[in-house]
$ cat upload07.cif   # mmCIF, C-alpha atoms
data_protein
loop_
_atom_site.group_PDB
_atom_site.id
_atom_site.type_symbol
_atom_site.label_atom_id
_atom_site.label_comp_id
_atom_site.auth_asym_id
_atom_site.auth_seq_id
_atom_site.Cartn_x
_atom_site.Cartn_y
_atom_site.Cartn_z
ATOM 1 C CA MET S 29 3.930 30.286 7.385
ATOM 2 C CA PRO S 30 2.598 26.793 6.554
ATOM 3 C CA LEU S 31 4.056 24.678 3.763
ATOM 4 C CA GLN S 32 2.589 25.030 0.311
ATOM 5 C CA ARG S 33 -0.091 22.398 -0.259
ATOM 6 C CA PHE S 34 0.864 21.412 -3.807
ATOM 7 C CA THR S 35 3.941 19.757 -5.266
ATOM 8 C CA ARG S 36 5.412 17.775 -8.097
ATOM 9 C CA VAL S 37 6.029 14.135 -7.183
ATOM 10 C CA TYR S 38 9.177 12.467 -8.446
ATOM 11 C CA GLY S 39 10.133 8.872 -7.777
ATOM 12 C CA ILE S 40 9.663 6.433 -4.946
ATOM 13 C CA GLN S 41 12.590 5.608 -2.703
ATOM 14 C CA ASP S 42 11.152 3.281 -0.112
ATOM 15 C CA ALA S 43 7.996 1.408 0.846
ATOM 16 C CA LYS S 44 7.152 -0.625 3.899
ATOM 17 C CA ILE S 45 4.305 -2.913 4.911
ATOM 18 C CA SER S 46 3.135 -3.209 8.507
ATOM 19 C CA PRO S 47 0.682 -5.923 9.557
ATOM 20 C CA LEU S 48 -2.465 -4.432 11.148
ATOM 21 C CA THR S 49 -2.795 -6.307 14.438
ATOM 22 C CA ALA S 50 -5.639 -4.362 16.091
ATOM 23 C CA ASP S 51 -8.199 -1.757 15.029
ATOM 24 C CA PRO S 52 -10.594 -1.179 17.935
ATOM 25 C CA ALA S 53 -13.611 1.023 17.172
ATOM 26 C CA SER S 54 -12.922 3.224 20.182
ATOM 27 C CA GLY S 55 -9.134 3.136 20.271
ATOM 28 C CA THR S 56 -5.972 3.409 18.228
ATOM 29 C CA PRO S 57 -4.855 1.069 15.442
ATOM 30 C CA THR S 58 -1.873 -1.157 16.237
ATOM 31 C CA TYR S 59 0.630 -2.326 13.637
ATOM 32 C CA GLY S 60 3.360 -4.951 13.702
ATOM 33 C CA ALA S 61 6.975 -4.262 12.733
ATOM 34 C CA ALA S 62 7.452 -2.552 9.366
ATOM 35 C CA ILE S 63 8.737 -4.820 6.582
ATOM 36 C CA ASP S 64 10.680 -3.420 3.642
ATOM 37 C CA VAL S 65 9.212 -3.884 0.161
ATOM 38 C CA PRO S 66 12.553 -4.526 -1.595
ATOM 39 C CA GLY S 67 13.263 -2.811 -4.876
ATOM 40 C CA ILE S 68 10.058 -0.758 -4.877
ATOM 41 C CA LYS S 69 9.295 0.360 -8.435
ATOM 42 C CA SER S 70 5.787 1.801 -8.370
ATOM 43 C CA PHE S 71 2.942 2.560 -5.994
ATOM 44 C CA GLU S 72 -0.161 3.554 -7.961
ATOM 45 C CA ILE S 73 -3.399 4.552 -6.262
ATOM 46 C CA SER S 74 -6.796 4.642 -7.927
ATOM 47 C CA GLY S 75 -10.349 4.749 -6.714
ATOM 48 C CA GLU S 76 -13.979 4.315 -7.560
ATOM 49 C CA ILE S 77 -16.793 6.780 -7.054
ATOM 50 C CA GLU S 78 -20.437 5.797 -7.182
ATOM 51 C CA VAL S 79 -22.708 8.517 -8.531
ATOM 52 C CA LYS S 80 -26.448 8.632 -7.889
ATOM 53 C CA THR S 81 -28.667 10.990 -9.837
ATOM 54 C CA LEU S 82 -32.164 11.998 -8.799
ATOM 55 C CA ARG S 83 -34.558 12.777 -11.634
ATOM 56 C CA GLY S 84 -38.118 14.005 -11.526
ATOM 57 C CA ASP S 85 -40.387 16.413 -13.331
ATOM 58 C CA ASN S 86 -38.491 15.442 -16.506
ATOM 59 C CA THR S 87 -35.255 17.040 -15.229
ATOM 60 C CA LYS S 88 -32.175 16.347 -13.132
ATOM 61 C CA LEU S 89 -32.893 17.378 -9.538
ATOM 62 C CA ALA S 90 -29.752 16.343 -7.643
ATOM 63 C CA THR S 91 -26.545 14.339 -7.799
ATOM 64 C CA ASN S 92 -24.735 12.646 -4.953
ATOM 65 C CA SER S 93 -21.441 10.786 -5.126
ATOM 66 C CA ALA S 94 -19.414 8.726 -2.676
ATOM 67 C CA VAL S 95 -16.031 7.039 -2.653
ATOM 68 C CA THR S 96 -16.710 3.305 -2.780
ATOM 69 C CA ASN S 97 -13.191 1.921 -3.160
ATOM 70 C CA ILE S 98 -9.550 2.928 -3.039
ATOM 71 C CA GLN S 99 -7.064 0.520 -4.595
ATOM 72 C CA VAL S 100 -3.283 0.373 -4.821
ATOM 73 C CA ALA S 101 -1.122 -1.479 -7.336
ATOM 74 C CA VAL S 102 2.479 -2.083 -6.275
ATOM 75 C CA THR S 103 5.427 -3.421 -8.280
ATOM 76 C CA HIS S 104 8.755 -4.303 -6.710
ATOM 77 C CA ALA S 105 11.980 -5.650 -8.181
ATOM 78 C CA LYS S 106 12.735 -8.274 -5.545
ATOM 79 C CA LEU S 107 10.575 -11.044 -4.124
ATOM 80 C CA SER S 108 10.312 -10.988 -0.333
ATOM 81 C CA LEU S 109 9.058 -13.972 1.660
ATOM 82 C CA ASP S 110 8.289 -11.639 4.579
ATOM 83 C CA VAL S 111 6.154 -9.398 2.349
ATOM 84 C CA LEU S 112 4.262 -12.471 1.091
ATOM 85 C CA THR S 113 3.545 -13.503 4.680
ATOM 86 C CA SER S 114 2.314 -10.000 5.570
ATOM 87 C CA ILE S 115 -0.025 -9.597 2.603
ATOM 88 C CA LEU S 116 -1.121 -13.176 1.920
ATOM 89 C CA GLY S 117 -0.536 -15.150 5.109
ATOM 90 C CA GLY S 118 1.393 -18.381 5.369
ATOM 91 C CA THR S 119 4.634 -18.963 7.211
ATOM 92 C CA VAL S 120 8.348 -18.607 6.574
ATOM 93 C CA THR S 121 10.605 -21.323 7.947
ATOM 94 C CA ASP S 122 14.391 -21.017 8.163
ATOM 95 C CA THR S 123 16.355 -24.274 8.402
ATOM 96 C CA GLY S 124 19.846 -25.642 8.023
ATOM 97 C CA THR S 125 23.321 -24.280 8.583
ATOM 98 C CA THR S 126 25.873 -22.866 6.154
ATOM 99 C CA PRO S 127 26.346 -23.947 3.385
ATOM 100 C CA ALA S 128 22.922 -25.618 3.302
ATOM 101 C CA GLN S 129 20.590 -22.939 4.746
ATOM 102 C CA LYS S 130 17.025 -22.639 3.445
ATOM 103 C CA SER S 131 14.199 -20.138 3.810
ATOM 104 C CA ALA S 132 10.822 -21.465 2.692
ATOM 105 C CA TRP S 133 7.447 -19.717 2.471
ATOM 106 C CA ASP S 134 4.419 -21.996 2.604
ATOM 107 C CA LEU S 135 0.797 -21.053 2.050
ATOM 108 C CA THR S 136 -1.563 -23.712 3.326
ATOM 109 C CA GLY S 137 -5.247 -24.335 2.706
ATOM 110 C CA ASP S 138 -6.230 -23.055 6.140
ATOM 111 C CA THR S 139 -5.721 -19.410 5.140
ATOM 112 C CA ALA S 140 -9.384 -18.417 4.929
ATOM 113 C CA THR S 141 -9.009 -14.645 4.915
ATOM 114 C CA MET S 142 -6.250 -12.302 3.844
ATOM 115 C CA PRO S 143 -4.471 -10.408 6.647
ATOM 116 C CA PRO S 144 -4.939 -6.616 6.752
ATOM 117 C CA PHE S 145 -1.843 -4.425 6.458
ATOM 118 C CA LYS S 146 -0.658 -0.839 6.152
ATOM 119 C CA LEU S 147 1.433 0.322 3.179
ATOM 120 C CA GLU S 148 3.555 3.471 3.268
ATOM 121 C CA GLY S 149 5.713 4.857 0.491
ATOM 122 C CA VAL S 150 8.055 7.841 0.366
ATOM 123 C CA THR S 151 9.682 9.926 -2.346
ATOM 124 C CA PRO S 152 13.428 10.503 -2.299
ATOM 125 C CA PRO S 153 14.568 13.727 -0.612
ATOM 126 C CA ASN S 154 13.936 16.579 -3.061
ATOM 127 C CA GLY S 155 11.369 14.405 -4.872
ATOM 128 C CA VAL S 156 8.889 17.212 -4.138
ATOM 129 C CA ASP S 157 8.939 21.005 -4.640
ATOM 130 C CA ILE S 158 10.238 21.549 -1.105
ATOM 131 C CA VAL S 159 14.067 21.559 -1.151
ATOM 132 C CA GLY S 160 15.205 18.850 1.273
ATOM 133 C CA GLY S 161 11.632 17.639 1.783
ATOM 134 C CA ASP S 162 9.715 14.516 0.844
ATOM 135 C CA MET S 163 6.200 13.113 0.593
ATOM 136 C CA HIS S 164 4.772 10.070 2.380
ATOM 137 C CA VAL S 165 1.627 8.247 1.253
ATOM 138 C CA SER S 166 -0.007 5.790 3.655
ATOM 139 C CA LEU S 167 -2.904 3.435 3.064
ATOM 140 C CA HIS S 168 -3.888 2.465 6.586
ATOM 141 C CA LYS S 169 -5.854 -0.754 6.089
ATOM 142 C CA LEU S 170 -5.389 -2.854 2.957
ATOM 143 C CA THR S 171 -6.350 -6.368 1.941
ATOM 144 C CA LEU S 172 -5.222 -8.145 -1.200
ATOM 145 C CA SER S 173 -7.743 -7.977 -4.019
ATOM 146 C CA ALA S 174 -5.899 -10.392 -6.320
ATOM 147 C CA PHE S 175 -3.239 -13.045 -5.890
ATOM 148 C CA PRO S 176 0.265 -11.490 -6.205
ATOM 149 C CA ASP S 177 2.065 -11.798 -9.547
ATOM 150 C CA LEU S 178 4.932 -14.211 -8.898
ATOM 151 C CA GLY S 179 6.960 -16.672 -10.927
ATOM 152 C CA PHE S 180 9.735 -16.624 -13.505
ATOM 153 C CA ALA S 181 10.525 -14.908 -16.813
ATOM 154 C CA GLU S 182 12.634 -16.342 -19.632
ATOM 155 C CA GLU S 183 15.961 -14.529 -19.980
ATOM 156 C CA ASP S 184 14.699 -11.584 -17.965
ATOM 157 C CA TYR S 185 14.107 -10.432 -14.416
ATOM 158 C CA ARG S 186 10.697 -11.227 -12.956
ATOM 159 C CA ILE S 187 9.022 -8.232 -11.358
ATOM 160 C CA ALA S 188 6.757 -9.045 -8.411
ATOM 161 C CA SER S 189 3.515 -7.115 -7.924
ATOM 162 C CA PHE S 190 0.281 -7.046 -5.970
ATOM 163 C CA THR S 191 -3.004 -5.166 -5.862
ATOM 164 C CA ALA S 192 -4.933 -4.377 -2.692
ATOM 165 C CA ASP S 193 -8.167 -2.648 -1.711
ATOM 166 C CA ALA S 194 -8.361 -0.119 1.111
ATOM 167 C CA ASP S 195 -10.929 -0.015 3.883
ATOM 168 C CA PRO S 196 -11.312 2.808 6.377
ATOM 169 C CA LEU S 197 -9.938 2.033 9.819
ATOM 170 C CA LEU S 198 -12.588 1.398 12.463
ATOM 171 C CA SER S 199 -10.686 3.464 15.016
ATOM 172 C CA ASN S 200 -10.323 6.772 13.124
ATOM 173 C CA LYS S 201 -12.017 6.200 9.725
ATOM 174 C CA LYS S 202 -8.790 6.966 7.789
ATOM 175 C CA TRP S 203 -8.325 5.343 4.357
ATOM 176 C CA ILE S 204 -5.344 7.249 2.991
ATOM 177 C CA SER S 205 -2.967 9.965 4.187
ATOM 178 C CA ILE S 206 -0.546 12.115 2.204
ATOM 179 C CA VAL S 207 2.051 14.058 4.197
ATOM 180 C CA LEU S 208 4.460 16.665 2.830
ATOM 181 C CA ASN S 209 7.546 17.049 5.024
ATOM 182 C CA GLU S 210 9.723 20.155 5.004
ATOM 183 C CA THR S 211 12.613 17.901 6.026
ATOM 184 C CA ALA S 212 12.817 14.418 4.517
ATOM 185 C CA ALA S 213 12.027 11.664 7.018
ATOM 186 C CA ALA S 214 12.379 7.894 6.910
ATOM 187 C CA ILE S 215 9.310 5.688 7.166
ATOM 188 C CA VAL S 216 8.790 4.946 10.845
#
$ encode --input "upload07.cif" --output "structure tokens"
Amino acid sequence: MPLQRFTRVYGIQDAKISPLTADPASGTPTYGAAIDVPGIKSFEISGEIEVKTLRGDNTKLATNSAVTNIQVAVTHAKLSLDVLTSILGGTVTDTGTTPAQKSAWDLTGDTATMPPFKLEGVTPPNGVDIVGGDMHVSLHKLTLSAFPDLGFAEEDYRIASFTADADPLLSNKKWISIVLNETAAAIV
């Protein structure tokens, strides 16, 4: 018997970003190594639908609608230089030796386009109706749609966030996938 196709969704335990390195029209997408989004807090998906209505003879004759955009907004508790590189570009440079080590992220003016990436999030085990199961949500090809929220906050923690728009992959036309697992599984 197949799994039930509905569930409650409770919490988010992990999220990872993987740089999209190839998306051939007649092949399989290729991703770089998965990078943890540290302290993931939320992963909110929304979309836009364009509706066209045909009128004639003083009446509504037909309606057609199409998905025109899927967007994700992500908040995470910890800033990651590797995440910034994956979603925005730039480079991370590690220098020095203990006790004077440094890691620096630099974004230069030669970053003309934002790099595409995959984002996958997962509920904790039992975060769905299936005892011992989980749910994974993947957006296969994203590009930033706004500069990430970075910086400082007076006498408080600063929460990092970003928003990205999805495009369908060239190779298989996928925008988003939701998978319910009978047995909880880590993001691969």
$ closest_atom_pairs --input "upload07.cif" --of "segment 76-107 of chain S" --to "segment 174-192 of chain S" --cutoff "12 Å" --atoms "only C-alpha atoms" --output "CSV"
residue,atom,partner,partner_atom,distance
S:Asn97,CA,S:Ala192,CA,10.4
S:Ile98,CA,S:Ala192,CA,8.6
S:Gln99,CA,S:Ala192,CA,5.7
S:Val100,CA,S:Ala192,CA,5.5
S:Ala101,CA,S:Thr191,CA,4.4
S:Val102,CA,S:Ser189,CA,5.4
S:Thr103,CA,S:Ser189,CA,4.2
S:His104,CA,S:Ala188,CA,5.4
S:Ala105,CA,S:Ile187,CA,5.1
S:Lys106,CA,S:Ala188,CA,6.7
S:Leu107,CA,S:Ala188,CA,6.1
$ resolve_selection --input "upload07.cif" --expression "the PyMOL selection byres ((chain S and resi 203-215) around 9)" --output "mmCIF file with C-alpha atoms, keeping the file's coordinate frame"
data_model
loop_
_atom_site.group_PDB
_atom_site.id
_atom_site.type_symbol
_atom_site.label_atom_id
_atom_site.label_comp_id
_atom_site.auth_asym_id
_atom_site.auth_seq_id
_atom_site.Cartn_x
_atom_site.Cartn_y
_atom_site.Cartn_z
ATOM 1 C CA LEU S 31 4.056 24.678 3.763
ATOM 2 C CA GLN S 32 2.589 25.030 0.311
ATOM 3 C CA ARG S 33 -0.091 22.398 -0.259
ATOM 4 C CA PHE S 34 0.864 21.412 -3.807
ATOM 5 C CA THR S 35 3.941 19.757 -5.266
ATOM 6 C CA ASP S 42 11.152 3.281 -0.112
ATOM 7 C CA ALA S 43 7.996 1.408 0.846
ATOM 8 C CA LYS S 44 7.152 -0.625 3.899
ATOM 9 C CA ALA S 62 7.452 -2.552 9.366
ATOM 10 C CA ILE S 98 -9.550 2.928 -3.039
ATOM 11 C CA GLU S 148 3.555 3.471 3.268
ATOM 12 C CA GLY S 149 5.713 4.857 0.491
ATOM 13 C CA VAL S 150 8.055 7.841 0.366
ATOM 14 C CA THR S 151 9.682 9.926 -2.346
ATOM 15 C CA PRO S 152 13.428 10.503 -2.299
ATOM 16 C CA PRO S 153 14.568 13.727 -0.612
ATOM 17 C CA ASN S 154 13.936 16.579 -3.061
ATOM 18 C CA VAL S 156 8.889 17.212 -4.138
ATOM 19 C CA ILE S 158 10.238 21.549 -1.105
ATOM 20 C CA VAL S 159 14.067 21.559 -1.151
ATOM 21 C CA GLY S 160 15.205 18.850 1.273
ATOM 22 C CA GLY S 161 11.632 17.639 1.783
ATOM 23 C CA ASP S 162 9.715 14.516 0.844
ATOM 24 C CA MET S 163 6.200 13.113 0.593
ATOM 25 C CA HIS S 164 4.772 10.070 2.380
ATOM 26 C CA VAL S 165 1.627 8.247 1.253
ATOM 27 C CA SER S 166 -0.007 5.790 3.655
ATOM 28 C CA LEU S 167 -2.904 3.435 3.064
ATOM 29 C CA HIS S 168 -3.888 2.465 6.586
ATOM 30 C CA LYS S 169 -5.854 -0.754 6.089
ATOM 31 C CA LEU S 170 -5.389 -2.854 2.957
ATOM 32 C CA ALA S 194 -8.361 -0.119 1.111
ATOM 33 C CA ASP S 195 -10.929 -0.015 3.883
ATOM 34 C CA PRO S 196 -11.312 2.808 6.377
ATOM 35 C CA LEU S 197 -9.938 2.033 9.819
ATOM 36 C CA LYS S 201 -12.017 6.200 9.725
ATOM 37 C CA LYS S 202 -8.790 6.966 7.789
ATOM 38 C CA VAL S 216 8.790 4.946 10.845
#
$ resolve_selection --input "upload07.cif" --expression "the PyMOL selection byres ((chain S and resi 111-117) around 9)" --output "ChimeraX atom specification"
/S:44-47,63-66,107-110,118-120,133-136,139,141-145,170-172,175-176,190,192
$ write_last_selection --input "upload07.cif" --atoms "C-alpha atoms" --output "compact mmCIF listing (two decimals), in the frame of the given file"
# COMPACT_ATOMS: atom_id res chain seq x y z
CA LYS S 44 7.15 -0.62 3.90
CA ILE S 45 4.30 -2.91 4.91
CA SER S 46 3.14 -3.21 8.51
CA PRO S 47 0.68 -5.92 9.56
CA ILE S 63 8.74 -4.82 6.58
CA ASP S 64 10.68 -3.42 3.64
CA VAL S 65 9.21 -3.88 0.16
CA PRO S 66 12.55 -4.53 -1.60
CA LEU S 107 10.58 -11.04 -4.12
CA SER S 108 10.31 -10.99 -0.33
CA LEU S 109 9.06 -13.97 1.66
CA ASP S 110 8.29 -11.64 4.58
CA GLY S 118 1.39 -18.38 5.37
CA THR S 119 4.63 -18.96 7.21
CA VAL S 120 8.35 -18.61 6.57
CA TRP S 133 7.45 -19.72 2.47
CA ASP S 134 4.42 -22.00 2.60
CA LEU S 135 0.80 -21.05 2.05
CA THR S 136 -1.56 -23.71 3.33
CA THR S 139 -5.72 -19.41 5.14
CA THR S 141 -9.01 -14.64 4.92
CA MET S 142 -6.25 -12.30 3.84
CA PRO S 143 -4.47 -10.41 6.65
CA PRO S 144 -4.94 -6.62 6.75
CA PHE S 145 -1.84 -4.42 6.46
CA LEU S 170 -5.39 -2.85 2.96
CA THR S 171 -6.35 -6.37 1.94
CA LEU S 172 -5.22 -8.14 -1.20
CA PHE S 175 -3.24 -13.04 -5.89
CA PRO S 176 0.26 -11.49 -6.20
CA PHE S 190 0.28 -7.05 -5.97
CA ALA S 192 -4.93 -4.38 -2.69
$ axis_aligned_box --input "upload07.cif" --around "segment 84-94 of chain S" --padding-each-side "8 Å" --output "lines of an AutoDock Vina configuration file"
center_x = -29.9
center_y = 13.1
center_z = -9.6
size_x = 37.0
size_y = 24.7
size_z = 29.8
$ resolve_selection --input "upload07.cif" --expression "the PyMOL selection byres ((chain S and resi 53) around 8)" --output "NGL selection string"
:S and (51-52 or 54-55 or 198-200)
$ write_last_selection --input "upload07.cif" --atoms "C-alpha atoms" --output "mmCIF file, in the coordinates of the input"
data_model
loop_
_atom_site.group_PDB
_atom_site.id
_atom_site.type_symbol
_atom_site.label_atom_id
_atom_site.label_comp_id
_atom_site.auth_asym_id
_atom_site.auth_seq_id
_atom_site.Cartn_x
_atom_site.Cartn_y
_atom_site.Cartn_z
ATOM 1 C CA ASP S 51 -8.199 -1.757 15.029
ATOM 2 C CA PRO S 52 -10.594 -1.179 17.935
ATOM 3 C CA SER S 54 -12.922 3.224 20.182
ATOM 4 C CA GLY S 55 -9.134 3.136 20.271
ATOM 5 C CA LEU S 198 -12.588 1.398 12.463
ATOM 6 C CA SER S 199 -10.686 3.464 15.016
ATOM 7 C CA ASN S 200 -10.323 6.772 13.124
#
$ atom_distance --input "upload07.cif" --atom1 "atom CA of Gln41 of chain S" --atom2 "atom CA of Ser70 of chain S"
9.6 Å
$ atom_distance --input "upload07.cif" --atom1 "atom CA of Leu89 of chain S" --atom2 "atom CA of Ile77 of chain S"
19.4 Å
